[in-house]
Structure formats: structure tokens, C-alpha cells
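Below: data_11.txt (compact mmCIF, C-alpha atoms)
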```txt
# COMPACT_ATOMS: atom_id res chain seq x y z
CA MET A 769 97.27 12.36 170.13
CA SER A 770 95.43 14.90 167.98
CA SER A 771 94.96 18.43 169.24
CA VAL A 772 91.74 20.41 168.91
CA ASP A 773 93.03 22.57 166.07
CA GLU A 774 93.91 19.58 163.92
CA ALA A 775 91.50 18.30 161.26
CA VAL A 776 93.62 15.31 160.24
CA ARG A 777 96.49 13.52 161.95
CA LEU A 778 98.13 10.47 160.44
CA HIS A 779 101.13 8.79 162.02
CA ASN A 780 102.82 5.95 160.12
CA ALA A 781 99.43 5.04 158.63
CA VAL A 782 99.35 1.93 156.51
CA VAL A 783 96.43 1.03 154.22
CA LEU A 784 96.42 -2.27 152.38
CA LEU A 785 94.49 -2.86 149.17
CA GLY A 786 94.62 -6.64 149.16
CA SER A 787 98.23 -7.19 150.12
CA PHE A 788 99.48 -4.02 148.36
CA PRO A 789 100.37 -1.13 150.71
CA ALA A 790 98.55 1.76 148.99
CA LEU A 791 99.63 3.98 151.88
CA ALA A 792 102.95 3.04 153.44
CA GLU A 793 103.66 4.61 156.83
CA ALA A 794 102.17 7.93 155.79
CA SER A 795 102.34 10.77 158.29
CA LEU A 796 100.45 14.03 157.95
CA VAL A 797 98.97 16.80 160.04
CA VAL A 798 96.35 19.14 158.58
CA LYS A 799 95.21 22.08 160.66
CA LYS A 800 91.59 23.19 160.68
CA GLY A 801 90.83 25.83 158.06
CA GLU A 802 93.66 24.80 155.74
CA ILE A 803 93.27 24.05 152.04
CA VAL A 804 95.79 21.31 151.31
CA LEU A 805 96.65 20.24 147.79
CA ILE A 806 97.69 16.63 147.29
CA SER A 807 99.72 15.98 144.19
CA GLY A 808 101.34 12.82 142.94
CA ALA A 809 101.50 10.44 140.02
CA ASN A 810 98.62 8.14 139.13
CA GLY A 811 98.55 5.21 141.54
CA ALA A 812 100.73 6.98 144.10
CA GLY A 813 98.03 6.77 146.76
CA LYS A 814 96.23 10.14 146.59
CA THR A 815 92.75 8.66 146.37
CA THR A 816 93.54 6.10 149.07
CA LEU A 817 94.67 8.92 151.35
CA LEU A 818 91.33 10.69 150.79
CA ARG A 819 89.39 7.45 151.30
CA LEU A 820 91.25 6.79 154.55
CA CYS A 821 90.33 10.26 155.81
CA ALA A 822 86.71 9.54 154.79
CA GLY A 823 86.74 6.29 156.74
CA LEU A 824 86.10 4.26 153.59
CA VAL A 825 89.17 2.04 153.86
CA PRO A 826 90.38 0.44 157.07
CA LEU A 827 93.64 1.39 158.71
CA ALA A 828 95.94 -1.65 158.74
CA ARG A 829 98.64 -0.17 160.98
CA GLY A 830 99.66 3.14 162.49
CA GLU A 831 97.43 5.90 163.83
CA ALA A 832 94.82 8.07 162.11
CA SER A 833 92.38 10.57 163.48
CA VAL A 834 89.96 12.94 161.75
CA LEU A 835 88.46 15.93 163.57
CA GLY A 836 89.53 14.33 166.83
CA PHE A 837 87.91 10.97 166.08
CA ASN A 838 90.15 7.92 166.00
CA LEU A 839 89.54 6.21 162.65
CA ALA A 840 90.33 2.80 164.11
CA THR A 841 87.55 3.00 166.68
CA GLN A 842 85.31 5.98 165.81
CA ARG A 843 84.97 5.75 162.03
CA LYS A 844 81.20 6.38 161.99
CA GLU A 845 81.47 9.42 164.24
CA ALA A 846 84.14 10.91 162.00
CA GLN A 847 82.15 10.23 158.82
CA ALA A 848 79.22 12.34 160.01
CA HIS A 849 81.51 15.38 159.66
CA VAL A 850 83.25 14.47 156.42
CA GLY A 851 82.13 15.15 152.86
CA MET A 852 83.89 13.45 149.98
CA LEU A 853 83.66 14.01 146.27
CA GLY A 854 85.59 11.34 144.44
CA HIS A 855 85.88 10.43 140.78
CA ALA A 856 82.20 9.49 140.88
CA ASN A 857 79.64 12.05 142.00
CA GLY A 858 77.43 9.86 144.19
CA LEU A 859 74.28 10.92 142.34
CA TYR A 860 71.19 8.96 141.30
CA LEU A 861 71.17 9.03 137.53
CA ASP A 862 67.41 8.47 137.10
CA LEU A 863 66.52 11.40 139.37
CA THR A 864 66.64 15.08 138.51
CA ALA A 865 69.20 17.38 140.14
CA GLN A 866 66.41 18.82 142.29
CA GLU A 867 65.33 15.35 143.42
CA ASN A 868 68.93 14.45 144.28
CA LEU A 869 69.25 17.60 146.38
CA GLN A 870 65.91 16.94 148.06
CA PHE A 871 66.91 13.36 148.81
CA TRP A 872 70.12 14.47 150.51
CA GLY A 873 68.28 17.24 152.29
CA ALA A 874 65.86 14.66 153.70
CA VAL A 875 68.63 12.23 154.62
CA VAL A 876 70.67 14.79 156.55
CA GLY A 877 67.74 16.88 157.82
CA ALA A 878 68.44 20.10 155.88
CA SER A 879 65.71 22.70 155.41
CA ALA A 880 64.04 23.47 152.07
CA GLN A 881 65.70 26.87 152.14
CA GLU A 882 69.16 25.35 152.53
CA ILE A 883 68.45 23.00 149.63
CA ALA A 884 67.32 25.88 147.42
CA LEU A 885 70.33 28.01 148.38
CA SER A 886 72.81 25.23 147.67
CA GLY A 887 71.42 24.77 144.16
CA GLU A 888 71.49 28.50 143.57
CA ARG A 889 75.03 28.75 144.89
CA MET A 890 76.22 26.12 142.41
CA GLY A 891 74.46 27.79 139.49
CA LEU A 892 71.81 25.12 139.14
CA HIS A 893 69.03 27.19 137.59
CA THR A 894 65.43 26.03 137.29
CA ARG A 895 65.79 24.23 133.97
CA LEU A 896 68.91 22.40 135.12
CA LEU A 897 67.31 21.44 138.43
CA GLY A 898 64.56 19.70 136.50
CA THR A 899 66.98 17.76 134.31
CA THR A 900 67.62 14.08 134.92
CA VAL A 901 71.22 13.56 136.03
CA ALA A 902 71.77 10.93 133.31
CA LYS A 903 71.20 13.69 130.74
CA MET A 904 73.57 16.20 132.38
CA SER A 905 77.12 17.01 131.29
CA ALA A 906 80.06 16.03 133.51
CA GLY A 907 80.39 19.59 134.75
CA GLN A 908 76.70 19.87 135.62
CA ARG A 909 76.89 16.63 137.57
CA ARG A 910 79.93 17.95 139.44
CA ARG A 911 78.03 21.09 140.39
CA THR A 912 75.12 19.03 141.66
CA ALA A 913 77.47 16.89 143.75
CA LEU A 914 79.09 20.00 145.22
CA ALA A 915 75.67 21.42 146.05
CA ILE A 916 75.10 18.24 148.07
CA LEU A 917 78.34 18.84 150.00
CA ILE A 918 77.05 22.33 150.82
CA ILE A 919 73.76 20.83 152.06
CA ARG A 920 75.68 18.37 154.23
CA ARG A 921 77.64 21.15 156.00
CA ALA A 922 80.71 18.94 156.18
CA SER A 923 83.60 20.11 158.38
CA LEU A 924 86.21 18.29 156.30
CA TRP A 925 85.88 18.38 152.51
CA LEU A 926 87.80 15.72 150.61
CA LEU A 927 87.85 16.39 146.89
CA ASP A 928 89.36 14.25 144.17
CA GLU A 929 89.94 16.25 140.97
CA PRO A 930 87.10 18.70 141.72
CA HIS A 931 87.77 20.82 138.64
CA ALA A 932 87.55 17.93 136.20
CA GLY A 933 84.95 18.47 133.48
CA LEU A 934 84.12 22.04 134.48
CA ASP A 935 84.30 25.15 132.34
CA ALA A 936 86.27 28.22 133.45
CA ALA A 937 83.29 29.79 135.22
CA GLY A 938 82.52 26.55 137.03
CA ARG A 939 86.13 26.22 138.15
CA ASP A 940 86.15 29.76 139.52
CA GLU A 941 82.88 29.06 141.30
CA ILE A 942 84.32 25.95 142.93
CA ASP A 943 87.37 27.85 144.11
CA ASN A 944 85.13 30.50 145.62
CA ILE A 945 83.01 27.89 147.35
CA LEU A 946 86.04 26.17 148.81
CA ARG A 947 87.40 29.46 150.10
CA GLU A 948 84.01 30.26 151.62
CA ALA A 949 83.86 26.83 153.20
CA THR A 950 87.24 27.36 154.89
CA SER A 951 86.16 30.83 156.02
CA ALA A 952 83.18 29.17 157.66
CA GLY A 953 85.52 26.82 159.53
CA ALA A 954 85.80 23.87 157.17
CA THR A 955 89.03 22.21 156.14
CA VAL A 956 89.62 21.20 152.52
CA ILE A 957 91.92 18.55 151.11
CA VAL A 958 92.11 18.47 147.33
CA ALA A 959 93.80 15.82 145.21
CA SER A 960 94.56 17.21 141.79
CA HIS A 961 96.82 16.94 138.79
CA GLU A 962 96.07 20.56 137.93
CA LEU A 963 98.80 22.03 140.09
CA GLU A 964 98.54 25.57 138.76
CA ARG A 965 94.78 25.85 139.33
CA ALA A 966 94.60 23.96 142.62
CA GLY A 967 97.93 25.36 143.81
CA ALA A 968 96.57 28.90 143.62
CA LEU A 969 93.72 27.83 145.86
CA ALA A 970 95.75 25.83 148.37
CA THR A 971 97.52 27.12 151.43
CA ARG A 972 99.89 24.18 151.43
CA ARG A 973 100.96 21.35 149.16
CA ILE A 974 101.94 17.78 149.88
CA GLU A 975 102.95 15.06 147.46
CA VAL A 976 102.17 11.37 147.71
CA VAL A 977 105.09 9.31 146.44
CA GLY A 978 104.76 5.53 146.47
CA GLY A 979 102.28 5.64 149.33
CA ALA A 980 104.38 7.97 151.49
CA ILE A 981 103.72 11.68 152.07
CA VAL A 982 106.29 14.33 151.24
CA GLU A 983 105.78 17.95 152.34
CA ARG A 984 106.12 20.50 149.52
CA GLY A 985 105.58 23.53 151.74
CA ALA A 986 103.24 26.52 151.83
CA GLN A 987 101.87 27.86 148.54
CA MET B 390 80.39 23.64 161.20
CA THR B 391 77.17 22.66 162.98
CA GLN B 392 75.93 19.32 161.74
CA HIS B 393 72.36 18.50 160.79
CA SER B 394 70.65 15.65 162.58
CA THR B 395 67.96 13.29 161.42
CA SER B 396 66.23 10.17 162.67
CA THR B 397 66.48 6.61 161.41
CA MET B 398 62.84 6.75 160.30
CA SER B 399 63.41 9.94 158.29
CA VAL B 400 66.31 8.26 156.53
CA ALA B 401 64.17 5.17 155.87
CA ARG B 402 61.38 7.31 154.41
CA ALA B 403 63.80 9.22 152.17
CA ILE B 404 65.45 6.02 150.92
CA ALA B 405 62.12 4.26 150.24
CA THR B 406 60.66 7.29 148.45
CA LYS B 407 63.79 7.67 146.35
CA ASP B 408 63.90 3.98 145.39
CA LEU B 409 60.22 3.90 144.41
CA ARG B 410 60.56 7.12 142.44
CA ILE B 411 63.52 5.72 140.52
CA GLU B 412 61.61 2.50 139.84
CA TRP B 413 58.54 4.43 138.71
CA ARG B 414 60.68 6.42 136.31
CA SER B 415 62.87 3.62 134.97
CA LYS B 416 60.03 1.04 134.72
CA VAL B 417 62.48 -1.85 135.13
CA LEU B 418 59.92 -3.81 137.15
CA VAL B 419 57.25 -3.46 134.48
CA ASN B 420 59.43 -3.73 131.39
CA GLN B 421 61.91 -6.39 132.48
CA VAL B 422 61.05 -8.25 135.68
CA LEU B 423 57.36 -8.85 135.00
CA PRO B 424 57.98 -10.24 131.48
CA PHE B 425 60.71 -12.48 132.94
CA ALA B 426 58.33 -13.79 135.62
CA GLY B 427 55.59 -14.24 133.02
CA ILE B 428 57.91 -16.30 130.86
CA VAL B 429 58.90 -18.43 133.88
CA MET B 430 55.21 -19.06 134.68
CA VAL B 431 54.45 -20.01 131.07
CA LEU B 432 57.49 -22.30 130.92
CA PHE B 433 56.32 -24.04 134.10
CA ALA B 434 52.97 -24.60 132.37
CA PHE B 435 54.68 -25.99 129.25
CA ALA B 436 56.97 -28.23 131.31
CA LEU B 437 54.22 -29.75 133.46
CA ASP B 438 51.52 -29.67 130.76
CA ASN B 439 48.79 -31.22 132.89
CA ASP B 440 45.93 -29.16 134.38
CA GLY B 441 45.60 -31.37 137.45
CA ILE B 442 49.29 -31.20 138.30
CA LEU B 443 49.48 -27.48 137.51
CA GLN B 444 46.59 -26.70 139.87
CA ARG B 445 48.18 -28.76 142.62
CA VAL B 446 51.63 -27.18 142.32
CA ALA B 447 50.47 -23.66 141.38
CA PRO B 448 51.23 -22.17 144.84
CA GLY B 449 54.83 -23.42 144.71
CA LEU B 450 55.27 -22.21 141.14
CA VAL B 451 54.00 -18.73 142.00
CA TRP B 452 56.41 -18.41 144.92
CA LEU B 453 59.33 -19.83 142.96
CA ALA B 454 58.66 -17.24 140.26
CA VAL B 455 58.54 -14.57 142.99
CA LEU B 456 61.85 -15.70 144.48
CA PHE B 457 63.68 -15.88 141.14
CA SER B 458 62.33 -12.49 140.13
CA SER B 459 63.14 -10.99 143.52
CA LEU B 460 66.82 -11.64 142.75
CA ILE B 461 66.56 -9.22 139.83
CA ILE B 462 64.60 -6.67 141.88
CA VAL B 463 67.13 -6.78 144.73
CA GLN B 464 70.10 -6.50 142.39
CA ARG B 465 68.44 -3.57 140.67
CA THR B 466 67.77 -1.77 143.96
CA PHE B 467 71.49 -1.85 144.78
CA ALA B 468 72.65 -1.27 141.20
CA ILE B 469 71.18 2.23 141.42
CA GLU B 470 73.42 2.83 144.46
CA SER B 471 76.53 1.57 142.67
CA ALA B 472 75.99 3.32 139.31
CA ASP B 473 77.59 6.60 140.45
CA ASN B 474 78.94 5.33 143.78
CA ALA B 475 76.04 6.76 145.79
CA LEU B 476 76.48 4.00 148.38
CA ASP B 477 79.92 5.39 149.25
CA ALA B 478 78.43 8.87 149.52
CA ILE B 479 75.82 7.52 151.92
CA LYS B 480 78.49 5.78 153.99
CA VAL B 481 80.74 8.83 154.12
CA ALA B 482 77.78 10.93 155.21
CA GLY B 483 77.42 8.67 158.26
CA VAL B 484 73.77 8.04 157.35
CA SER B 485 72.09 5.57 159.70
CA PRO B 486 72.63 2.07 158.21
CA ALA B 487 69.43 0.92 159.94
CA GLY B 488 67.55 3.69 158.12
CA VAL B 489 69.05 2.64 154.79
CA PHE B 490 68.14 -1.01 155.47
CA LEU B 491 64.56 -0.19 156.48
CA GLY B 492 64.06 2.14 153.54
CA LYS B 493 65.37 -0.41 151.07
CA SER B 494 63.20 -3.12 152.66
CA VAL B 495 60.02 -1.03 152.49
CA ALA B 496 60.62 -0.18 148.83
CA LEU B 497 61.20 -3.86 148.08
CA VAL B 498 58.00 -4.88 149.90
CA VAL B 499 55.95 -2.42 147.84
CA GLN B 500 57.51 -3.56 144.56
CA LEU B 501 57.06 -7.25 145.41
CA LEU B 502 53.40 -6.69 146.38
CA LEU B 503 52.58 -5.05 143.05
CA PHE B 504 54.52 -7.73 141.26
CA GLU B 505 52.69 -10.57 143.04
CA CYS B 506 49.29 -9.11 142.18
CA VAL B 507 50.12 -9.70 138.51
CA LEU B 508 51.60 -13.16 139.15
CA VAL B 509 48.54 -14.32 141.07
CA LEU B 510 46.24 -13.10 138.28
CA LEU B 511 48.47 -14.91 135.82
CA SER B 512 48.27 -18.11 137.86
CA LEU B 513 44.45 -17.90 137.90
CA VAL B 514 44.51 -17.84 134.11
CA LEU B 515 47.42 -20.17 133.34
CA TYR B 516 46.98 -22.75 136.09
CA GLN B 517 43.18 -22.42 136.42
CA VAL B 518 43.16 -22.20 140.22
CA GLN B 519 40.17 -20.79 142.13
CA LEU B 520 40.33 -17.97 144.65
CA SER B 521 37.46 -17.28 147.08
CA TRP B 522 37.08 -13.97 148.96
CA GLY B 523 38.38 -15.64 152.12
CA GLY B 524 41.29 -17.06 150.12
CA ALA B 525 42.02 -13.61 148.71
CA VAL B 526 42.23 -12.11 152.21
CA LEU B 527 44.59 -14.89 153.28
CA LEU B 528 46.67 -14.49 150.13
CA VAL B 529 47.05 -10.72 150.57
CA THR B 530 48.10 -11.24 154.18
CA VAL B 531 50.54 -13.99 153.23
CA SER B 532 52.00 -11.91 150.40
CA PHE B 533 52.64 -8.97 152.69
CA LEU B 534 54.22 -11.11 155.42
CA ALA B 535 56.30 -13.21 153.02
CA ASN B 536 57.49 -10.05 151.26
CA THR B 537 58.66 -8.63 154.56
CA GLY B 538 60.94 -11.63 155.02
CA ILE B 539 62.14 -11.70 151.42
CA ALA B 540 62.70 -7.94 151.38
CA ALA B 541 64.63 -7.95 154.65
CA MET B 542 66.94 -10.75 153.51
CA GLY B 543 67.18 -9.19 150.04
CA ALA B 544 68.18 -5.79 151.46
CA LEU B 545 70.73 -7.40 153.75
CA TYR B 546 72.44 -9.62 151.19
CA GLY B 547 71.97 -7.13 148.35
CA GLY B 548 73.80 -4.54 150.46
CA LEU B 549 76.51 -7.04 151.24
CA GLY B 550 76.97 -7.80 147.53
CA ALA B 551 77.03 -4.12 146.59
CA ALA B 552 79.56 -3.29 149.30
CA ALA B 553 81.75 -6.18 148.18
CA LYS B 554 81.86 -4.67 144.66
CA GLY B 555 81.68 -7.14 141.82
CA ARG B 556 80.35 -9.91 143.98
CA GLU B 557 76.69 -9.42 143.10
CA THR B 558 76.75 -12.93 141.65
CA LEU B 559 76.85 -14.18 145.24
CA LEU B 560 73.31 -12.91 145.80
CA PRO B 561 71.44 -16.05 144.65
CA LEU B 562 73.75 -18.27 146.69
CA LEU B 563 73.18 -16.20 149.81
CA LEU B 564 69.56 -15.20 149.41
CA LEU B 565 67.81 -18.33 148.17
CA PRO B 566 68.82 -20.63 151.07
CA ALA B 567 68.05 -17.87 153.58
CA VAL B 568 64.49 -17.42 152.30
CA ALA B 569 63.77 -21.14 151.96
CA PRO B 570 61.65 -21.09 155.16
CA VAL B 571 59.60 -18.25 153.66
CA LEU B 572 59.10 -20.25 150.47
CA ILE B 573 57.84 -23.27 152.40
CA ALA B 574 55.46 -21.33 154.66
CA ALA B 575 54.17 -19.10 151.86
CA THR B 576 53.54 -22.10 149.60
CA ARG B 577 51.62 -24.00 152.30
CA ALA B 578 49.53 -20.91 153.09
CA THR B 579 48.85 -20.27 149.40
CA GLU B 580 47.69 -23.88 148.97
CA SER B 581 45.04 -23.07 151.58
CA ALA B 582 44.15 -19.81 149.84
CA PHE B 583 43.77 -21.60 146.48
CA GLY B 584 42.13 -24.61 148.14
CA VAL B 585 44.41 -27.11 146.41
CA SER B 586 46.08 -30.32 147.68
CA GLY B 587 43.14 -30.80 150.07
CA ALA B 588 44.13 -27.78 152.16
CA THR B 589 41.40 -25.79 153.89
CA LEU B 590 41.36 -22.04 154.44
CA GLY B 591 41.79 -22.42 158.20
CA GLU B 592 45.03 -24.34 157.74
CA GLY B 593 46.64 -21.36 156.04
CA TRP B 594 46.55 -18.92 158.96
CA PRO B 595 49.09 -20.72 161.18
CA TRP B 596 51.50 -20.58 158.22
CA ALA B 597 50.76 -16.86 157.94
CA ALA B 598 51.62 -16.49 161.62
CA LEU B 599 54.90 -18.31 160.99
CA LEU B 600 55.65 -15.90 158.14
CA ALA B 601 55.05 -13.02 160.54
CA VAL B 602 57.65 -14.51 162.87
CA PHE B 603 60.15 -14.91 160.01
CA GLY B 604 59.47 -11.34 158.86
CA ALA B 605 60.01 -9.95 162.35
CA LEU B 606 63.18 -11.97 162.91
CA PHE B 607 64.68 -11.14 159.52
CA GLY B 608 63.70 -7.49 159.84
CA PHE B 609 65.14 -7.13 163.32
CA GLY B 610 68.29 -9.08 162.51
CA GLY B 611 68.81 -7.15 159.28
CA THR B 612 68.41 -3.79 161.01
CA LEU B 613 71.18 -4.75 163.43
CA ALA B 614 73.48 -6.45 160.92
CA PHE B 615 73.24 -4.20 157.83
CA GLY B 616 75.74 -1.58 159.01
CA VAL B 617 78.32 -4.16 160.05
CA LEU B 618 77.99 -6.29 156.92
CA THR B 619 78.12 -3.42 154.44
CA GLU B 620 81.21 -1.81 155.94
CA GLU B 621 84.26 -2.30 153.78
```
As C-alpha cells, the full file:
Amino acid sequence: MSSVDEAVRLHNAVVLLGSFPALAEASLVVKKGEIVLISGANGAGKTTLLRLCAGLVPLARGEASVLGFNLATQRKEAQAHVGMLGHANGLYLDLTAQENLQFWGAVVGASAQEIALSGERMGLHTRLLGTTVAKMSAGQRRRTALAILIIRRASLWLLDEPHAGLDAAGRDEIDNILREATSAGATVIVASHELERAGALATRRIEVVGGAIVERGAQ
Amino acid sequence: MTQHSTSTMSVARAIATKDLRIEWRSKVLVNQVLPFAGIVMVLFAFALDNDGILQRVAPGLVWLAVLFSSLIIVQRTFAIESADNALDAIKVAGVSPAGVFLGKSVALVVQLLLFECVLVLLSLVLYQVQLSWGGAVLLVTVSFLANTGIAAMGALYGGLGAAAKGRETLLPLLLLPAVAPVLIAATRATESAFGVSGATLGEGWPWAALLAVFGALFGFGGTLAFGVLTEE
């Protein structure tokens, strides 16, 4: 049973990719407002853990709930409150940054002011907003994707290597945004290989080892 | 955090607008699909090489060209979702699957309508068929209704292929049998519109009514099934 102050609760969760157990009886509790860093070797199961929390992969066995919603039975309800930024950015390459933001604003019902503020917050100035995503650098695309997460007002942010491809200023900006998001009540789970950078941001660190979760304590 | 809320129709409008904007900008329909369909129409003419036969079978050839080309259009409409994993982002956001389905379907209907205008003009030239004003009204109606059915099935199976990553090659196997009833009804109605094979204009309208039934059934069924079928 998950309590009201828990954002994520996994108990012996098993996720199968084909017949391979990408998560093997993983157990985890993340409290609301935490910033949790997930570390682990490539292929250990970090991304699968994030995708399970996002309701993108089915739970084969065990229990999993996100923001009080049981992922086995209430996946859609949970997803409405979750924002995920994976290796891909989820952008439309033929549209400009502004058009991507406007599309997401229309899809989730955000106001024009919120859309403008999100772009501003992520340093997407006028010229960049008018640039087609296909012509943007990796860092600029990342900023656009993060602006979309701001528009979505997600309660649980799931980020896979959020600093990848960003310059120092962009990395600092992301850290600030994540801290602001948690101050506003959101919970953040970050999978990263950059332990020094992400560790400074996180309140707690866990490690995924062979599909199981190992606590590494408070940061 | 307080969540936003939006209706299925708002989602559909946003998806349709976005898809049409991307198509307008990328010009895939104009630069790739139309030339492909044109080549198919010309090859039909070379293969049959007889004006009498071509006139008689022109309605079927037009709709076969539409169906083959619709495979490319449908694959393209979901390729833009897969390019940077936008479909996952839409799923994670809990966006109404019915809204996504309707938006995709509307964008497909619009693209197919524009596409068919060119194909019909091409058939008038290549196959030397005649089109009266009454036939034109019937043909426009039939095109719209047939497109509704093709678009609904295309959005449904295209979404299924995109969700099943790497299985886009299944699309022809799934889509073509499903739209066979549309092909039959649209061809019969177009024979009436062109006035070939002894068909009169009046005989085309019952086929148009049948297409309306297919369109409604496929649209309704797709709206209900899209979310379930595209879930991983």
C-alpha cells in the first residue's frame, strides 16, 4: 500500500523485455519532493526503471504504484501526472521549437502565457524559437524538451541523462529548474552517469545492479 | 502540481493541425507520394494499352493507386511520431488516445482528398474518361466518404505498427484486407460517376451510402480501439 507522501513505491517489481528480466524484484520508495539519482552500468536497468514509473512498460510481477495510482490497473491515470525525458526528446523535427511548444500547450490545455514563460525559462530566445528542431543542436533540443515538461506541469519528472549535450550554463539551468520543480511539489528521478553533477543535485542516490535496486544513501 | 485538462476534440484539433503543418513543410505528399501514384497510373496504362479497357477499368485503377499510395501516407504520418519518440511522449502525457486517433484520421482525410483530386485529373487525361457535373458531385462525395474509412483504418493500423516498433512492414498486410470493402464500394460508385461499364449516375449513390456506413463503423471502432491497440 502506498501512502500519500510517496511518489513511487515498487515492491518486488519485475519487468520483462521479451523473456529477459530487465528489472528483477526491484523494490523502491521515493517520497514526494525528493530528487533521486539512479546510477548503474549500461544495461543495468536504469531506463527500464524510469519507463516502468512512466507506465511505458508493463509490470510482469510484483507491485508498483506512482503518485498513489496502481500501475497494474491505473496506468493511464498515473501517466497524466508523469513527465519523462528519455534519450530521445519527443520533439517533431520538422516543426520549430515554438510550434512544438504550442502543440504541447494545445494538447495539455496550457495558456499562451505559460507557453511563453516555459520557453523563456529554458533560454529559448526569439531566434531559437523560430528554428526548426532538425536544425538545432542536441543541447537546444534538450532545452525545448524540458520547456515542454514545464508546460505539462508534471508531478513526477523522470529524466534519463538530462545533462547530456548541454553546455555548462545549460546544465546549471537544468539543475535550477529541477530544484524549482521540487520546491513546487514535484518529485524528480534522474538516471545519470555523471555522478558528480547529478549527485550534487540529488537528495538521495540509488544504484541499479543487474535489475535490482541498491540504496546508496542520502547525498 | 495542479494538472491541466483538455478535451478529446482539442487534442484531435492539435494533432491534425500539427500533422498537416509538418506535411506542408516537408512536402512528402507532393514530392514523393504523388509522383509514385503518377507512375503507378502510367504503368497501368502501359500494361493494359487499350483505350476501351482502360476506360472500363479506370475507376478500379484510380482506387488501387489511392490504396497503394495511402500506405506511404499512413506510414509517413506515424514516422513523424517515431523519429524522436514523440509517440512515447504523447503516451506518457496521458493524452486522450481517441483524440490522437481522430486527429490523425482528419489529417489523413485532408491529405487523401488533395491527393485524389490530382489522381482523378490524371485519369481524365490518361484513361480518357468523361466526368459530368453530376458525376463530379458524386465523385467528391464518394472520395470524402471512402477517405474516412481508409483514414480510420490507416490511423488504427498505422498506430499499431508504430507502437510495435519495427513492425511497420505489417501495415500493408493489415490495412489492405481491412479496406477491401471500401475499395469495392468506391470503385462501383466511381464507375457511376465516370459513366463506364454501363453504370448510371443514380446507381452510384447507394454505394456512397454504403461507404458512409463503413466510414462511421471504422471511425467509431477505431476511436474505441486505438488506445488499447497502441499500448505496449
Open item on the list: I need the contact residues of chain B against chain A, so if you could list those with any atom within 10 Å, counting only C-alpha atoms, and return them as a PyMOL selection string, that would help.
Closed with: chain B and resi 390-404+406-408+410-415+469-485+488-489+620-621
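Minimum atom-to-atom distances from A:Thr900, A:Thr816, A:Ser771, A:Ser807 to Phe788 of chain A were compared using only C-alpha atoms, and the lowest value belongs to A:Thr816.
Minimum distance to Lys799 of chain A across A:Leu914, A:Ala840, A:Leu778, A:Leu969 (counting only C-alpha atoms) occurs at A:Leu778.
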Task: Sphere at (101.5, 16.9, 145.5), radius 9 Å, counting only C-alpha atoms: residues as an MDAnalysis selection string - done: chainID A and resid 805:809 814 959:961 963 973:977 981:984
TODO: Work out how far atom CA of Lys493 of chain B is from atom CA of Leu565 of chain B, in Å to one decimal.
DONE: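 These atoms are spaced 18.3 Å apart.
Relative to atom CA of Ala884 of chain A, atom CA of Met904 of chain A is found at 18.9 Å.
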TODO: Please provide the set of residues having any atom within 10 Å of Leu897 of chain A, restricted to all atoms listed in the file, with same-chain residues fewer than 3 positions apart removed, written as a PyMOL selection string.
DONE: chain A and resi 864-869+887-888+891-894+900-901+908+912
Open item on the list: Neighbouring residues of Thr537 of chain B were defined as those with any atom within 12 Å, considering only C-alpha atoms; residues of the same chain fewer than 2 positions away were excluded. Please report them as a PyMOL selection string.
Closed with: chain B and resi 491+493-502+530-535+539-544+568+571+575+597+600-609+611
Task: Between atom CA of Gly616 of chain B and atom CA of Val798 of chain A - distance in Å to one decimal - done: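 Those two atoms sit 29.2 Å apart.
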TODO: For Gly811 of chain A, list every protein, DNA or RNA residue within 9 Å, evaluated using only C-alpha atoms, and leave out those in the same chain fewer than 6 positions away; present the list as an MDAnalysis selection string.
DONE: chainID A and resid 790 978:979
